[in-house]
file start28.txt (compact mmCIF, C-alpha atoms)
# COMPACT_ATOMS: atom_id res chain seq x y z
CA MET A 1179 37.29 207.70 67.57
CA ALA A 1180 36.52 210.95 65.77
CA LYS A 1181 34.40 213.48 67.65
CA GLU A 1182 30.83 214.28 66.63
CA SER A 1183 28.99 217.57 66.42
CA PHE A 1184 26.05 218.28 68.70
CA ARG A 1185 23.78 221.13 69.74
CA PHE A 1186 22.08 222.16 72.94
CA ILE A 1187 19.95 224.93 74.41
CA HIS A 1188 21.17 227.10 77.26
CA ALA A 1189 18.23 228.68 79.13
CA SER A 1190 17.65 230.13 82.58
CA ASP A 1191 15.58 232.53 84.67
CA LEU A 1192 12.20 231.47 83.30
CA HIS A 1193 10.71 232.62 86.63
CA LEU A 1194 7.27 231.22 85.93
CA GLU A 1195 6.17 232.51 89.33
CA GLN A 1196 6.84 236.16 88.45
CA PRO A 1197 4.37 238.39 86.55
CA LEU A 1198 5.40 241.45 84.57
CA GLN A 1199 5.92 244.55 86.71
CA ASP A 1200 6.10 248.36 86.36
CA ILE A 1201 2.77 248.44 84.53
CA LEU A 1202 0.22 251.21 85.02
CA ASP A 1203 -3.39 251.31 83.80
CA LEU A 1204 -3.07 248.33 81.48
CA PRO A 1205 -5.96 248.16 78.96
CA ASP A 1206 -8.21 245.13 78.71
CA HIS A 1207 -6.94 244.06 75.29
CA LEU A 1208 -3.36 243.68 76.58
CA ARG A 1209 -4.03 242.01 79.92
CA ARG A 1210 -4.16 238.43 78.70
CA THR A 1211 -1.00 238.89 76.62
CA VAL A 1212 0.89 240.38 79.56
CA ILE A 1213 -0.31 237.66 81.95
CA GLU A 1214 0.60 234.85 79.57
CA ALA A 1215 3.89 236.33 78.32
CA PRO A 1216 6.24 234.52 80.78
CA TRP A 1217 4.49 231.18 80.13
CA LYS A 1218 4.42 231.58 76.34
CA ALA A 1219 8.09 232.57 76.25
CA ALA A 1220 9.05 229.55 78.40
CA GLU A 1221 6.96 227.26 76.21
CA ALA A 1222 8.78 228.60 73.13
CA VAL A 1223 12.11 227.49 74.62
CA PHE A 1224 10.98 223.87 74.84
CA GLU A 1225 9.19 223.97 71.50
CA TYR A 1226 12.39 225.19 69.87
CA ALA A 1227 14.28 222.28 71.41
CA VAL A 1228 11.89 219.87 69.67
CA VAL A 1229 11.77 221.69 66.33
CA GLU A 1230 15.55 222.08 66.14
CA ASN A 1231 16.11 218.53 67.39
CA VAL A 1232 18.70 219.53 69.97
CA ASP A 1233 20.60 216.84 71.83
CA PHE A 1234 19.90 218.23 75.31
CA VAL A 1235 18.74 221.29 77.23
CA VAL A 1236 20.77 223.01 79.95
CA LEU A 1237 18.77 224.97 82.56
CA ALA A 1238 20.91 227.30 84.65
CA GLY A 1239 18.58 228.13 87.52
CA ASP A 1240 15.49 230.12 88.56
CA ILE A 1241 13.10 228.14 86.37
CA LEU A 1242 10.17 228.33 88.80
CA ASN A 1243 9.38 228.45 92.47
CA PRO A 1244 7.00 225.49 92.86
CA ALA A 1245 5.32 226.92 95.97
CA ALA A 1246 4.69 230.34 94.40
CA CYS A 1247 3.62 228.88 91.04
CA GLY A 1248 1.29 226.32 92.51
CA ALA A 1249 0.01 223.24 90.74
CA GLN A 1250 -0.35 225.05 87.43
CA GLY A 1251 3.36 225.87 87.24
CA VAL A 1252 4.49 222.39 88.21
CA ALA A 1253 2.07 220.78 85.73
CA PHE A 1254 3.24 223.10 82.97
CA LEU A 1255 6.90 222.27 83.52
CA LEU A 1256 6.24 218.53 83.74
CA GLU A 1257 4.36 218.69 80.43
CA GLN A 1258 7.36 220.35 78.76
CA PHE A 1259 9.75 217.77 80.22
CA GLU A 1260 7.52 214.91 79.03
CA THR A 1261 7.49 216.35 75.52
CA LEU A 1262 11.30 216.38 75.53
CA ARG A 1263 11.43 212.85 76.92
CA GLU A 1264 9.31 211.58 74.03
CA ARG A 1265 11.95 213.03 71.68
CA ASN A 1266 14.81 211.55 73.72
CA ILE A 1267 16.06 215.01 74.71
CA ALA A 1268 17.80 215.15 78.09
CA VAL A 1269 17.55 218.05 80.55
CA PHE A 1270 20.39 219.05 82.86
CA TRP A 1271 19.01 221.42 85.50
CA ALA A 1272 21.08 223.31 88.06
CA GLY A 1273 18.76 225.08 90.48
CA GLY A 1274 19.17 228.72 91.40
CA ARG A 1275 17.81 230.96 94.13
CA VAL A 1276 14.14 229.94 93.79
CA ASP A 1277 14.27 226.40 92.39
CA GLY A 1278 16.71 224.37 94.44
CA PRO A 1279 16.15 220.60 94.61
CA ASP A 1280 14.77 220.94 98.15
CA ARG A 1281 11.90 223.08 96.80
CA TRP A 1282 10.63 220.49 94.33
CA PRO A 1283 7.66 218.54 95.81
CA ASP A 1284 8.76 215.15 97.12
CA SER A 1285 5.52 213.57 95.97
CA ILE A 1286 6.07 214.49 92.30
CA ALA A 1287 8.70 212.51 90.40
CA LEU A 1288 10.57 214.16 87.58
CA PRO A 1289 10.75 212.29 84.24
CA ASP A 1290 13.86 210.14 83.85
CA ASN A 1291 15.29 212.45 81.19
CA VAL A 1292 15.57 215.31 83.74
CA HIS A 1293 18.63 215.54 85.96
CA LEU A 1294 18.06 218.06 88.78
CA MET A 1295 21.46 218.56 90.36
CA GLY A 1296 22.07 218.64 94.10
CA LYS A 1297 23.45 221.45 96.24
CA ASP A 1298 26.22 219.63 98.06
CA ALA A 1299 28.79 219.15 95.31
CA VAL A 1300 29.33 219.49 91.58
CA GLU A 1301 27.88 216.54 89.69
CA ALA A 1302 29.15 215.13 86.38
CA HIS A 1303 26.71 213.83 83.76
CA VAL A 1304 27.86 212.38 80.45
CA PHE A 1305 25.78 212.81 77.33
CA ARG A 1306 26.16 209.80 75.04
CA ARG A 1307 25.13 209.11 71.47
CA SER A 1308 24.92 205.44 70.47
CA GLY A 1309 26.78 204.61 73.66
CA GLU A 1310 29.71 206.90 72.87
CA PRO A 1311 30.48 209.84 75.22
CA ILE A 1312 30.03 213.20 73.46
CA ALA A 1313 29.88 215.83 76.20
CA THR A 1314 30.31 216.09 79.96
CA ILE A 1315 27.97 218.38 81.86
CA LEU A 1316 29.25 219.59 85.23
CA GLY A 1317 26.86 221.37 87.55
CA ARG A 1318 25.37 221.96 90.94
CA SER A 1319 22.36 223.78 92.26
CA SER A 1320 23.00 226.99 94.14
CA ASN A 1321 23.64 226.63 97.87
CA ASP A 1322 22.78 230.30 98.48
CA ASN A 1323 26.34 231.38 97.74
CA GLN A 1324 26.04 234.21 95.21
CA ILE A 1325 29.61 233.78 93.94
CA ILE A 1326 30.45 230.93 91.56
CA ARG A 1327 33.45 229.00 92.84
CA ALA A 1328 35.26 227.88 89.73
CA ALA A 1329 37.61 225.57 91.63
CA GLU A 1330 34.67 223.31 92.49
CA TYR A 1331 34.40 222.44 88.80
CA ALA A 1332 37.93 221.00 88.59
CA HIS A 1333 37.98 217.57 86.92
CA ASP A 1334 40.18 215.18 84.98
CA PRO A 1335 39.78 215.83 81.22
CA ASP A 1336 38.63 212.77 79.27
CA GLY A 1337 38.47 214.20 75.75
CA THR A 1338 34.76 215.08 75.80
CA TYR A 1339 33.43 218.60 75.40
CA VAL A 1340 32.92 220.03 78.90
CA ILE A 1341 29.96 222.24 79.81
CA ALA A 1342 29.76 223.79 83.27
CA VAL A 1343 26.35 224.89 84.55
CA ALA A 1344 26.36 227.43 87.38
CA TYR A 1345 24.13 230.04 88.99
CA GLY A 1346 25.37 233.31 90.46
CA GLU A 1347 28.07 235.88 89.78
CA GLY A 1348 31.30 234.77 88.14
CA ASP A 1349 34.59 236.37 87.17
CA ALA A 1350 35.70 235.66 83.60
CA ASP A 1351 39.39 235.22 84.45
CA THR A 1352 38.67 232.82 87.31
CA LEU A 1353 36.20 230.74 85.30
CA ALA A 1354 38.48 230.60 82.26
CA ALA A 1355 41.26 229.05 84.38
CA GLU A 1356 39.36 225.76 84.66
CA SER A 1357 39.31 223.05 81.96
CA VAL A 1358 35.82 223.92 80.75
CA ASP A 1359 34.80 224.56 77.14
CA TYR A 1360 31.50 226.35 77.78
CA TRP A 1361 30.19 228.04 80.92
CA ALA A 1362 26.38 228.07 80.96
CA LEU A 1363 25.53 230.68 83.58
CA GLY A 1364 22.24 231.76 85.14
CA GLY A 1365 21.12 234.46 87.52
CA ARG A 1366 21.09 237.52 85.24
CA HIS A 1367 17.99 238.55 83.33
CA GLN A 1368 19.98 240.31 80.61
CA MET A 1369 21.97 238.20 78.14
CA THR A 1370 25.63 238.86 78.98
CA VAL A 1371 28.80 237.69 77.28
CA LEU A 1372 31.74 237.47 79.69
CA GLN A 1373 34.04 235.86 77.14
CA THR A 1374 33.62 234.89 73.49
CA GLU A 1375 36.83 233.01 72.85
CA GLU A 1376 37.53 229.59 74.35
CA PRO A 1377 36.10 228.97 76.83
CA ALA A 1378 32.79 230.67 75.98
CA ILE A 1379 31.29 232.21 79.14
CA ARG A 1380 27.73 233.47 78.87
CA TYR A 1381 24.59 234.35 80.76
CA CYS A 1382 21.63 233.56 78.53
CA GLY A 1383 19.19 235.92 80.27
CA THR A 1384 15.46 235.42 80.82
CA PRO A 1385 13.10 234.53 77.96
CA GLN A 1386 10.72 237.34 79.03
CA ALA A 1387 11.61 240.64 80.69
CA ARG A 1388 9.69 241.54 83.86
CA ARG A 1389 10.59 245.18 84.53
CA LEU A 1390 11.79 248.44 83.00
CA GLN A 1391 15.43 247.74 83.83
CA GLU A 1392 15.33 244.70 81.51
CA GLU A 1393 15.22 246.46 78.16
CA GLY A 1394 15.74 244.89 74.75
CA GLY A 1395 15.20 241.43 73.32
CA HIS A 1396 15.12 238.34 75.53
CA GLY A 1397 15.24 234.62 74.88
CA PHE A 1398 17.75 231.79 75.18
CA LEU A 1399 20.97 230.58 73.56
CA LEU A 1400 21.28 227.89 70.91
CA VAL A 1401 24.78 226.41 70.99
CA ASP A 1402 26.26 224.39 68.12
CA VAL A 1403 29.52 222.51 68.67
CA ASP A 1404 31.23 220.95 65.63
CA ALA A 1405 33.57 217.95 65.44
CA GLN A 1406 36.56 220.23 66.07
CA ASP A 1407 34.97 221.65 69.23
CA CYS A 1408 34.39 225.00 67.55
CA VAL A 1409 31.34 226.64 69.08
CA GLN A 1410 28.70 228.85 67.51
CA VAL A 1411 26.24 230.62 69.82
CA ARG A 1412 23.02 232.28 68.68
CA GLN A 1413 20.53 234.22 70.77
CA ILE A 1414 16.96 233.16 69.94
CA GLU A 1415 14.47 235.84 71.00
CA VAL A 1416 11.10 234.51 72.17
CA ASP A 1417 9.74 237.40 74.27
CA LEU A 1418 6.21 238.62 73.62
CA VAL A 1419 6.42 241.99 75.37
CA ARG A 1420 9.34 244.40 75.55
CA TYR A 1421 10.11 247.23 77.92
CA THR A 1422 11.88 250.38 76.85
CA GLU A 1423 12.76 253.75 78.37
CA GLN A 1424 12.76 256.61 75.87
CA ASP A 1425 14.37 260.00 76.46
CA ILE A 1426 13.03 263.05 74.63
CA ASP A 1427 15.33 266.05 75.02
CA ALA A 1428 15.04 269.67 73.94
CA GLU A 1429 16.77 268.95 70.62
CA ASP A 1430 14.24 266.22 69.76
CA GLN A 1431 11.38 268.58 70.53
CA ALA A 1432 12.90 271.39 68.48
CA MET A 1433 13.44 269.14 65.44
CA GLU A 1434 9.82 267.95 65.47
CA ASP A 1435 8.34 271.35 66.45
CA ASP A 1436 6.71 269.98 69.60
CA LEU A 1437 6.70 267.18 72.13
CA LYS A 1438 3.75 265.31 70.61
CA ARG A 1439 5.39 265.00 67.19
CA ALA A 1440 8.69 263.95 68.78
CA CYS A 1441 6.97 261.14 70.69
CA ALA A 1442 4.96 260.02 67.65
CA LYS A 1443 8.08 259.76 65.50
CA ARG A 1444 9.85 257.76 68.21
CA VAL A 1445 6.91 255.36 68.52
CA SER A 1446 6.92 254.70 64.76
CA ARG A 1447 10.59 253.76 64.91
CA LEU A 1448 10.12 251.54 67.97
CA LEU A 1449 7.24 249.64 66.39
CA SER A 1450 9.22 249.06 63.19
CA GLU A 1451 12.06 247.57 65.26
CA SER A 1452 9.88 245.44 67.55
CA HIS A 1453 9.19 242.69 64.96
CA GLY A 1454 5.56 242.39 65.99
CA ARG A 1455 6.09 242.45 69.76
CA HIS A 1456 4.07 244.62 72.12
CA LEU A 1457 5.97 247.50 73.71
CA LEU A 1458 5.74 249.02 77.18
CA VAL A 1459 7.29 252.49 77.10
CA GLN A 1460 8.41 254.72 79.95
CA TRP A 1461 8.92 258.26 78.62
CA ARG A 1462 11.46 260.63 80.12
CA VAL A 1463 11.19 264.23 78.95
CA GLN A 1464 14.11 266.58 79.50
CA LEU A 1465 13.20 270.09 80.58
CA PRO A 1466 14.85 273.00 78.76
CA GLY A 1467 17.57 275.01 80.49
CA GLU A 1468 14.99 277.35 82.02
CA PRO A 1469 11.80 275.43 82.85
CA THR A 1470 8.84 277.37 81.47
CA GLY A 1471 5.97 275.45 83.02
CA SER A 1472 4.94 274.12 79.60
CA LEU A 1473 5.21 270.58 80.98
CA SER A 1474 2.64 270.92 83.72
CA PRO A 1475 1.04 267.79 85.19
CA ALA A 1476 -2.14 268.53 83.21
CA THR A 1477 -0.17 268.81 79.95
CA LEU A 1478 1.67 265.57 80.64
CA GLN A 1479 -1.54 263.74 81.49
CA GLU A 1480 -3.13 264.91 78.25
CA LEU A 1481 -0.06 263.76 76.29
CA LEU A 1482 -0.15 260.36 78.05
CA HIS A 1483 -3.82 259.88 77.16
CA TRP A 1484 -3.09 260.82 73.53
CA LEU A 1485 -0.19 258.38 73.24
CA ARG A 1486 -2.28 255.55 74.69
CA ARG A 1487 -5.21 256.34 72.41
CA GLU A 1488 -3.14 256.67 69.23
CA PHE A 1489 -0.60 253.87 69.67
CA GLY A 1490 -1.81 251.64 72.51
CA GLN A 1491 -4.73 249.98 70.75
CA GLY A 1492 -3.04 248.38 67.72
CA GLN A 1493 -1.47 245.02 66.98
CA PRO A 1494 1.26 245.27 68.07
CA ALA A 1495 0.49 247.88 70.70
CA CYS A 1496 2.87 250.50 72.05
CA TRP A 1497 1.51 251.21 75.52
CA SER A 1498 2.88 254.27 77.33
CA LEU A 1499 3.34 253.50 81.01
CA ASP A 1500 4.12 256.97 82.30
CA ILE A 1501 5.88 260.24 81.52
CA GLU A 1502 8.66 261.41 83.80
CA VAL A 1503 10.01 264.94 83.72
CA LEU A 1504 13.79 265.09 84.03
CA PRO A 1505 15.44 268.21 85.45
CA PRO A 1506 17.41 270.38 83.02
CA ARG A 1507 20.96 269.24 82.41
CA LYS A 1508 22.09 272.75 83.41
CA LEU A 1509 20.13 275.44 85.18
CA PRO A 1510 20.62 279.14 84.35
CA ASP A 1511 23.73 280.48 86.09
CA GLN A 1512 21.93 283.64 87.19
CA TRP A 1513 19.51 281.61 89.31
CA GLN A 1514 22.31 280.21 91.43
CA GLN A 1515 23.92 283.65 91.73
CA GLU A 1516 20.76 285.32 93.03
CA ASP A 1517 20.85 286.72 96.57
CA THR A 1518 17.54 285.04 97.28
CA ILE A 1519 16.17 281.95 98.97
CA LEU A 1520 16.14 280.28 95.53
CA GLY A 1521 19.83 281.09 95.06
CA ASP A 1522 20.70 279.72 98.50
CA PHE A 1523 18.67 276.58 97.78
CA LEU A 1524 20.39 275.95 94.43
CA ARG A 1525 23.86 276.52 95.85
CA ILE A 1526 23.23 273.95 98.59
CA ALA A 1527 21.78 271.51 96.05
CA GLU A 1528 24.84 271.93 93.82
CA GLN A 1529 27.21 271.31 96.73
CA SER A 1530 25.34 268.12 97.59
CA ARG A 1531 25.46 266.97 93.98
CA LYS A 1532 29.20 267.57 93.63
CA LYS A 1533 30.03 265.88 96.92
CA ALA A 1534 27.64 263.03 96.19
CA ALA A 1535 26.59 263.44 99.79
CA LYS A 1536 24.06 261.03 101.16
CA VAL A 1537 20.82 262.79 102.03
CA ASP A 1538 19.79 261.47 105.43
CA LEU A 1539 16.00 261.45 105.50
CA GLN A 1540 15.74 259.29 108.61
CA PRO A 1541 15.18 262.20 111.05
CA ILE A 1542 12.35 263.49 108.85
CA ILE A 1543 10.86 260.03 108.48
CA ASP A 1544 10.97 259.44 112.23
CA ALA A 1545 9.50 262.86 113.05
CA GLU A 1546 6.79 263.08 110.40
CA THR A 1547 5.74 259.50 109.71
CA PRO A 1548 6.94 257.36 112.64
CA ALA A 1549 4.22 254.74 112.17
CA THR A 1550 3.96 254.66 108.37
CA LYS A 1551 6.16 251.85 107.11
CA ALA A 1552 5.19 252.47 103.48
CA TRP A 1553 6.68 255.97 103.65
CA GLN A 1554 9.80 254.70 105.36
CA VAL A 1555 10.38 252.20 102.54
CA ALA A 1556 9.58 254.74 99.82
CA LEU A 1557 11.96 257.35 101.22
CA ALA A 1558 14.83 254.95 101.89
CA ILE A 1559 17.65 255.56 99.40
CA ASN A 1560 20.41 252.99 99.11
CA GLN A 1561 22.07 253.26 95.69
CA PRO A 1562 24.15 256.28 94.51
CA GLU A 1563 22.11 256.48 91.28
CA GLU A 1564 18.91 256.64 93.33
CA GLN A 1565 20.47 259.34 95.51
CA ALA A 1566 21.34 261.46 92.46
CA ALA A 1567 17.92 261.00 90.84
CA ARG A 1568 16.04 261.82 94.05
CA LEU A 1569 18.18 264.93 94.61
CA ALA A 1570 17.57 266.11 91.02
CA GLN A 1571 13.79 265.66 91.35
CA SER A 1572 13.80 267.40 94.73
CA THR A 1573 15.74 270.29 93.24
CA LEU A 1574 13.21 270.63 90.43
CA LEU A 1575 10.32 270.61 92.91
CA GLY A 1576 12.08 273.24 95.02
CA ILE A 1577 12.54 275.48 91.99
CA ASP A 1578 8.85 275.23 91.12
CA LEU A 1579 7.77 276.10 94.66
CA LEU A 1580 10.27 278.93 95.20
CA ARG A 1581 9.41 280.55 91.86
CA GLY A 1582 5.77 280.61 92.81
CA ARG A 1583 4.53 277.97 90.41
CA LYS A 1584 1.47 275.87 91.03
CA VAL A 1585 2.48 272.29 91.79
CA ASP A 1586 -0.04 269.46 92.04
CA LEU A 1587 1.58 266.95 94.36
CA LEU A 1588 -1.29 264.51 93.79
CA ALA A 1589 -1.22 264.68 90.00
CA SER A 1590 -1.78 261.30 88.37
CA THR A 1591 1.56 261.67 86.55
CA ARG A 1592 3.34 261.81 89.94
CA ARG A 1593 5.93 264.10 88.39
CA PHE A 1594 6.94 267.71 88.87
CA GLY A 1595 7.31 270.58 86.44
CA GLY A 1596 4.88 273.18 87.68
CA SER A 1597 2.55 275.57 85.93
CA ASP A 1598 2.92 279.36 85.96
CA GLN A 1599 -0.82 279.64 86.57

call {"tool": "encode", "arguments": {"input": "start28.txt", "output": "structure tokens"}}
result
Amino acid sequence: MAKESFRFIHASDLHLEQPLQDILDLPDHLRRTVIEAPWKAAEAVFEYAVVENVDFVVLAGDILNPAACGAQGVAFLLEQFETLRERNIAVFWAGGRVDGPDRWPDSIALPDNVHLMGKDAVEAHVFRRSGEPIATILGRSSNDNQIIRAAEYAHDPDGTYVIAVAYGEGDADTLAAESVDYWALGGRHQMTVLQTEEPAIRYCGTPQARRLQEEGGHGFLLVDVDAQDCVQVRQIEVDLVRYTEQDIDAEDQAMEDDLKRACAKRVSRLLSESHGRHLLVQWRVQLPGEPTGSLSPATLQELLHWLRREFGQGQPACWSLDIEVLPPRKLPDQWQQEDTILGDFLRIAEQSRKKAAKVDLQPIIDAETPATKAWQVALAINQPEEQAARLAQSTLLGIDLLRGRKVDLLASTRRFGGSDQ
């Protein structure tokens, strides 16, 4: 019998229990939008399934934590599943880190169109149309192993299109070795393509970003498979709010005469590219080669207020979260060559940077704040990137103090770049 075409949705990481993070001083007119964004984005996934009349939906983990979401989250998800059931749309759900089958309340039955896969072994479900097998969905919920074991998905081919649903980290070469046509992966919040050619191996990402590290558009994947098993994958963006980090360097400031104009021009471009979505912007301003004190905490605070007033009230809004001062890419050579405390300080800082040495703050933490756990957590540095960033900021603070500049350690901007006053 000739094969038939079909289409399905690949979604994951809805995380209905997680609110948006990294937000400072959110205005009243954006609060409801930000609170509802994860729910609205998740709802759009299921609405699209109905509108596009897909054959089934594949959920690749971290949909919701029932305990953290409470009754509202469970009721919301059941309502979406019931809507799909009325349209005869099946759901194949492989749980992830927060939504394993053991977390779903025993007293609440899932609709019969929803197949929540177990943790013990890979399950095989066959999607049929008019009684004829069209696709085989292989999957299992995560058993807390962060690595996807491709060998567990081994099976005897039967001529149907094979979709493997898995949560965790996978290696493209290892996954491609199995007889699978499409790997529907979950566990990453950014959409990631591990392999485009057969087999297609993709993370669909989360429908709504939650933090600054999750920049860009977010949504789910719509997968069309034709009668020749050729696959076409489209990302459908359904996010309501987007995060972005924007760097303004000395060249940007020079081209626009000043920092305010440079930021305003950047905001205009961001809004034109956002397609009506609200934006949450973290600004990072690069100091010139010789910091002049022009970016004092007071100046930055005034700029932040101006950006919020000018661009944070519209529809869509571009809300500025904070302004971070980045150290100069290169400090003046004569500073490091000085026979002064500043010169000694910069030479030591440069040696630490080149050696990528780990700065051990534990003795200071133990001596100065032995009973303050918040400080211990804040000062703990684990990743090399965090080490480099912390060292750069510390170097900038040291320069300000050693050159006699006024530094407000309690400034609301929480950044350094002192004033000559």

call {"tool": "residues_around", "arguments": {"input": "start28.txt", "residues": "Val1223 in chain A", "least_positions_apart": "4", "cutoff": "10 Å", "atoms": "only C-alpha atoms", "output": "list of chain:residue names"}}
result
A:Ile1187, A:His1188, A:Ala1189, A:Leu1192, A:Lys1218, A:Ala1219, A:Ala1227, A:Val1228, A:Val1235, A:Gln1258, A:Pro1385, A:Gly1397, A:Phe1398, A:Leu1399, A:Leu1400, A:Ile1414, A:Glu1415, A:Val1416

call {"tool": "write_last_selection", "arguments": {"input": "start28.txt", "atoms": "C-alpha atoms", "output": "mmCIF file, keeping the file's coordinate frame"}}
result
data_model
loop_
_atom_site.group_PDB
_atom_site.id
_atom_site.type_symbol
_atom_site.label_atom_id
_atom_site.label_comp_id
_atom_site.auth_asym_id
_atom_site.auth_seq_id
_atom_site.Cartn_x
_atom_site.Cartn_y
_atom_site.Cartn_z
ATOM 1 C CA ILE A 1187 19.950 224.930 74.410
ATOM 2 C CA HIS A 1188 21.170 227.100 77.260
ATOM 3 C CA ALA A 1189 18.230 228.680 79.130
ATOM 4 C CA LEU A 1192 12.200 231.470 83.300
ATOM 5 C CA LYS A 1218 4.420 231.580 76.340
ATOM 6 C CA ALA A 1219 8.090 232.570 76.250
ATOM 7 C CA ALA A 1227 14.280 222.280 71.410
ATOM 8 C CA VAL A 1228 11.890 219.870 69.670
ATOM 9 C CA VAL A 1235 18.740 221.290 77.230
ATOM 10 C CA GLN A 1258 7.360 220.350 78.760
ATOM 11 C CA PRO A 1385 13.100 234.530 77.960
ATOM 12 C CA GLY A 1397 15.240 234.620 74.880
ATOM 13 C CA PHE A 1398 17.750 231.790 75.180
ATOM 14 C CA LEU A 1399 20.970 230.580 73.560
ATOM 15 C CA LEU A 1400 21.280 227.890 70.910
ATOM 16 C CA ILE A 1414 16.960 233.160 69.940
ATOM 17 C CA GLU A 1415 14.470 235.840 71.000
ATOM 18 C CA VAL A 1416 11.100 234.510 72.170
#

call {"tool": "residues_around", "arguments": {"input": "start28.txt", "residues": "Val1445 in chain A", "least_positions_apart": "4", "cutoff": "12 Å", "atoms": "all atoms listed in the file", "output": "list in words"}}
result
Thr1422, Glu1423, Gln1424, Asp1425, Ile1426, Lys1438, Arg1439, Ala1440, Cys1441, Leu1449, Ser1450, Glu1451, Ser1452, His1456, Leu1457, Leu1458, Val1459, Gln1460, Trp1461, Leu1485, Arg1486, Glu1488, Phe1489, Gly1490, Pro1494, Ala1495, Cys1496, Trp1497 and Ser1498 of chain A

call {"tool": "closest_residue", "arguments": {"input": "start28.txt", "among": "A:Ala1362, A:Arg1281, A:His1193, A:Gly1492", "to": "His1207 in chain A", "atoms": "all atoms listed in the file"}}
result
A:Gly1492

call {"tool": "atom_distance", "arguments": {"input": "start28.txt", "atom1": "CA of Gly1395 in chain A", "atom2": "CA of Tyr1421 in chain A"}}
result
9.0 Å

call {"tool": "residues_around", "arguments": {"input": "start28.txt", "residues": "Arg1209 in chain A", "least_positions_apart": "2", "cutoff": "12 Å", "atoms": "only C-alpha atoms", "output": "JSON list (two decimals) with C-alpha atoms, keeping the file's coordinate frame"}}
result
[["chain", "number", "residue", "atom", "x", "y", "z"],
["A", 1197, "PRO", "CA", 4.37, 238.39, 86.55],
["A", 1198, "LEU", "CA", 5.40, 241.45, 84.57],
["A", 1201, "ILE", "CA", 2.77, 248.44, 84.53],
["A", 1202, "LEU", "CA", 0.22, 251.21, 85.02],
["A", 1203, "ASP", "CA", -3.39, 251.31, 83.80],
["A", 1204, "LEU", "CA", -3.07, 248.33, 81.48],
["A", 1205, "PRO", "CA", -5.96, 248.16, 78.96],
["A", 1206, "ASP", "CA", -8.21, 245.13, 78.71],
["A", 1207, "HIS", "CA", -6.94, 244.06, 75.29],
["A", 1211, "THR", "CA", -1.00, 238.89, 76.62],
["A", 1212, "VAL", "CA", 0.89, 240.38, 79.56],
["A", 1213, "ILE", "CA", -0.31, 237.66, 81.95],
["A", 1214, "GLU", "CA", 0.60, 234.85, 79.57],
["A", 1215, "ALA", "CA", 3.89, 236.33, 78.32],
["A", 1419, "VAL", "CA", 6.42, 241.99, 75.37],
["A", 1456, "HIS", "CA", 4.07, 244.62, 72.12],
["A", 1495, "ALA", "CA", 0.49, 247.88, 70.70],
["A", 1497, "TRP", "CA", 1.51, 251.21, 75.52]]

call {"tool": "atom_distance", "arguments": {"input": "start28.txt", "atom1": "CA of Gly1251 in chain A", "atom2": "CA of Gly1239 in chain A"}}
result
15.4 Å

call {"tool": "residues_near_point", "arguments": {"input": "start28.txt", "point": "(3.1, 228.6, 90.2)", "cutoff": "10 Å", "atoms": "only C-alpha atoms", "output": "list in words"}}
result
His1193, Leu1194, Glu1195, Gln1196, Leu1242, Asn1243, Pro1244, Ala1245, Ala1246, Cys1247, Gly1248, Ala1249, Gln1250, Gly1251, Val1252, Ala1253, Phe1254 and Leu1255 of chain A

call {"tool": "residues_near_point", "arguments": {"input": "start28.txt", "point": "(22.7, 236.2, 79.2)", "cutoff": "8 Å", "atoms": "only C-alpha atoms", "output": "VMD selection string"}}
result
chain A and resid 1363 to 1364 1366 to 1371 1380 to 1384 1398

call {"tool": "write_last_selection", "arguments": {"input": "start28.txt", "atoms": "C-alpha atoms", "output": "PDB file, in the coordinates of the input"}}
result
ATOM      1  CA  LEU A1363      25.530 230.680  83.580  1.00  0.00           C
ATOM      2  CA  GLY A1364      22.240 231.760  85.140  1.00  0.00           C
ATOM      3  CA  ARG A1366      21.090 237.520  85.240  1.00  0.00           C
ATOM      4  CA  HIS A1367      17.990 238.550  83.330  1.00  0.00           C
ATOM      5  CA  GLN A1368      19.980 240.310  80.610  1.00  0.00           C
ATOM      6  CA  MET A1369      21.970 238.200  78.140  1.00  0.00           C
ATOM      7  CA  THR A1370      25.630 238.860  78.980  1.00  0.00           C
ATOM      8  CA  VAL A1371      28.800 237.690  77.280  1.00  0.00           C
ATOM      9  CA  ARG A1380      27.730 233.470  78.870  1.00  0.00           C
ATOM     10  CA  TYR A1381      24.590 234.350  80.760  1.00  0.00           C
ATOM     11  CA  CYS A1382      21.630 233.560  78.530  1.00  0.00           C
ATOM     12  CA  GLY A1383      19.190 235.920  80.270  1.00  0.00           C
ATOM     13  CA  THR A1384      15.460 235.420  80.820  1.00  0.00           C
ATOM     14  CA  PHE A1398      17.750 231.790  75.180  1.00  0.00           C
TER      15      PHE A1398
END

call {"tool": "closest_residue", "arguments": {"input": "start28.txt", "among": "A:His1396, A:Arg1462, A:Lys1532, A:Arg1265", "to": "Val1503 in chain A", "atoms": "only C-alpha atoms"}}
result
A:Arg1462

call {"tool": "closest_residue", "arguments": {"input": "start28.txt", "among": "A:Glu1376, A:Asp1322, A:Glu1480, A:Glu1528", "to": "Ala1570 in chain A", "atoms": "only C-alpha atoms"}}
result
A:Glu1528

call {"tool": "atom_distance", "arguments": {"input": "start28.txt", "atom1": "CA of Ser1183 in chain A", "atom2": "CA of Asp1402 in chain A"}}
result
7.5 Å
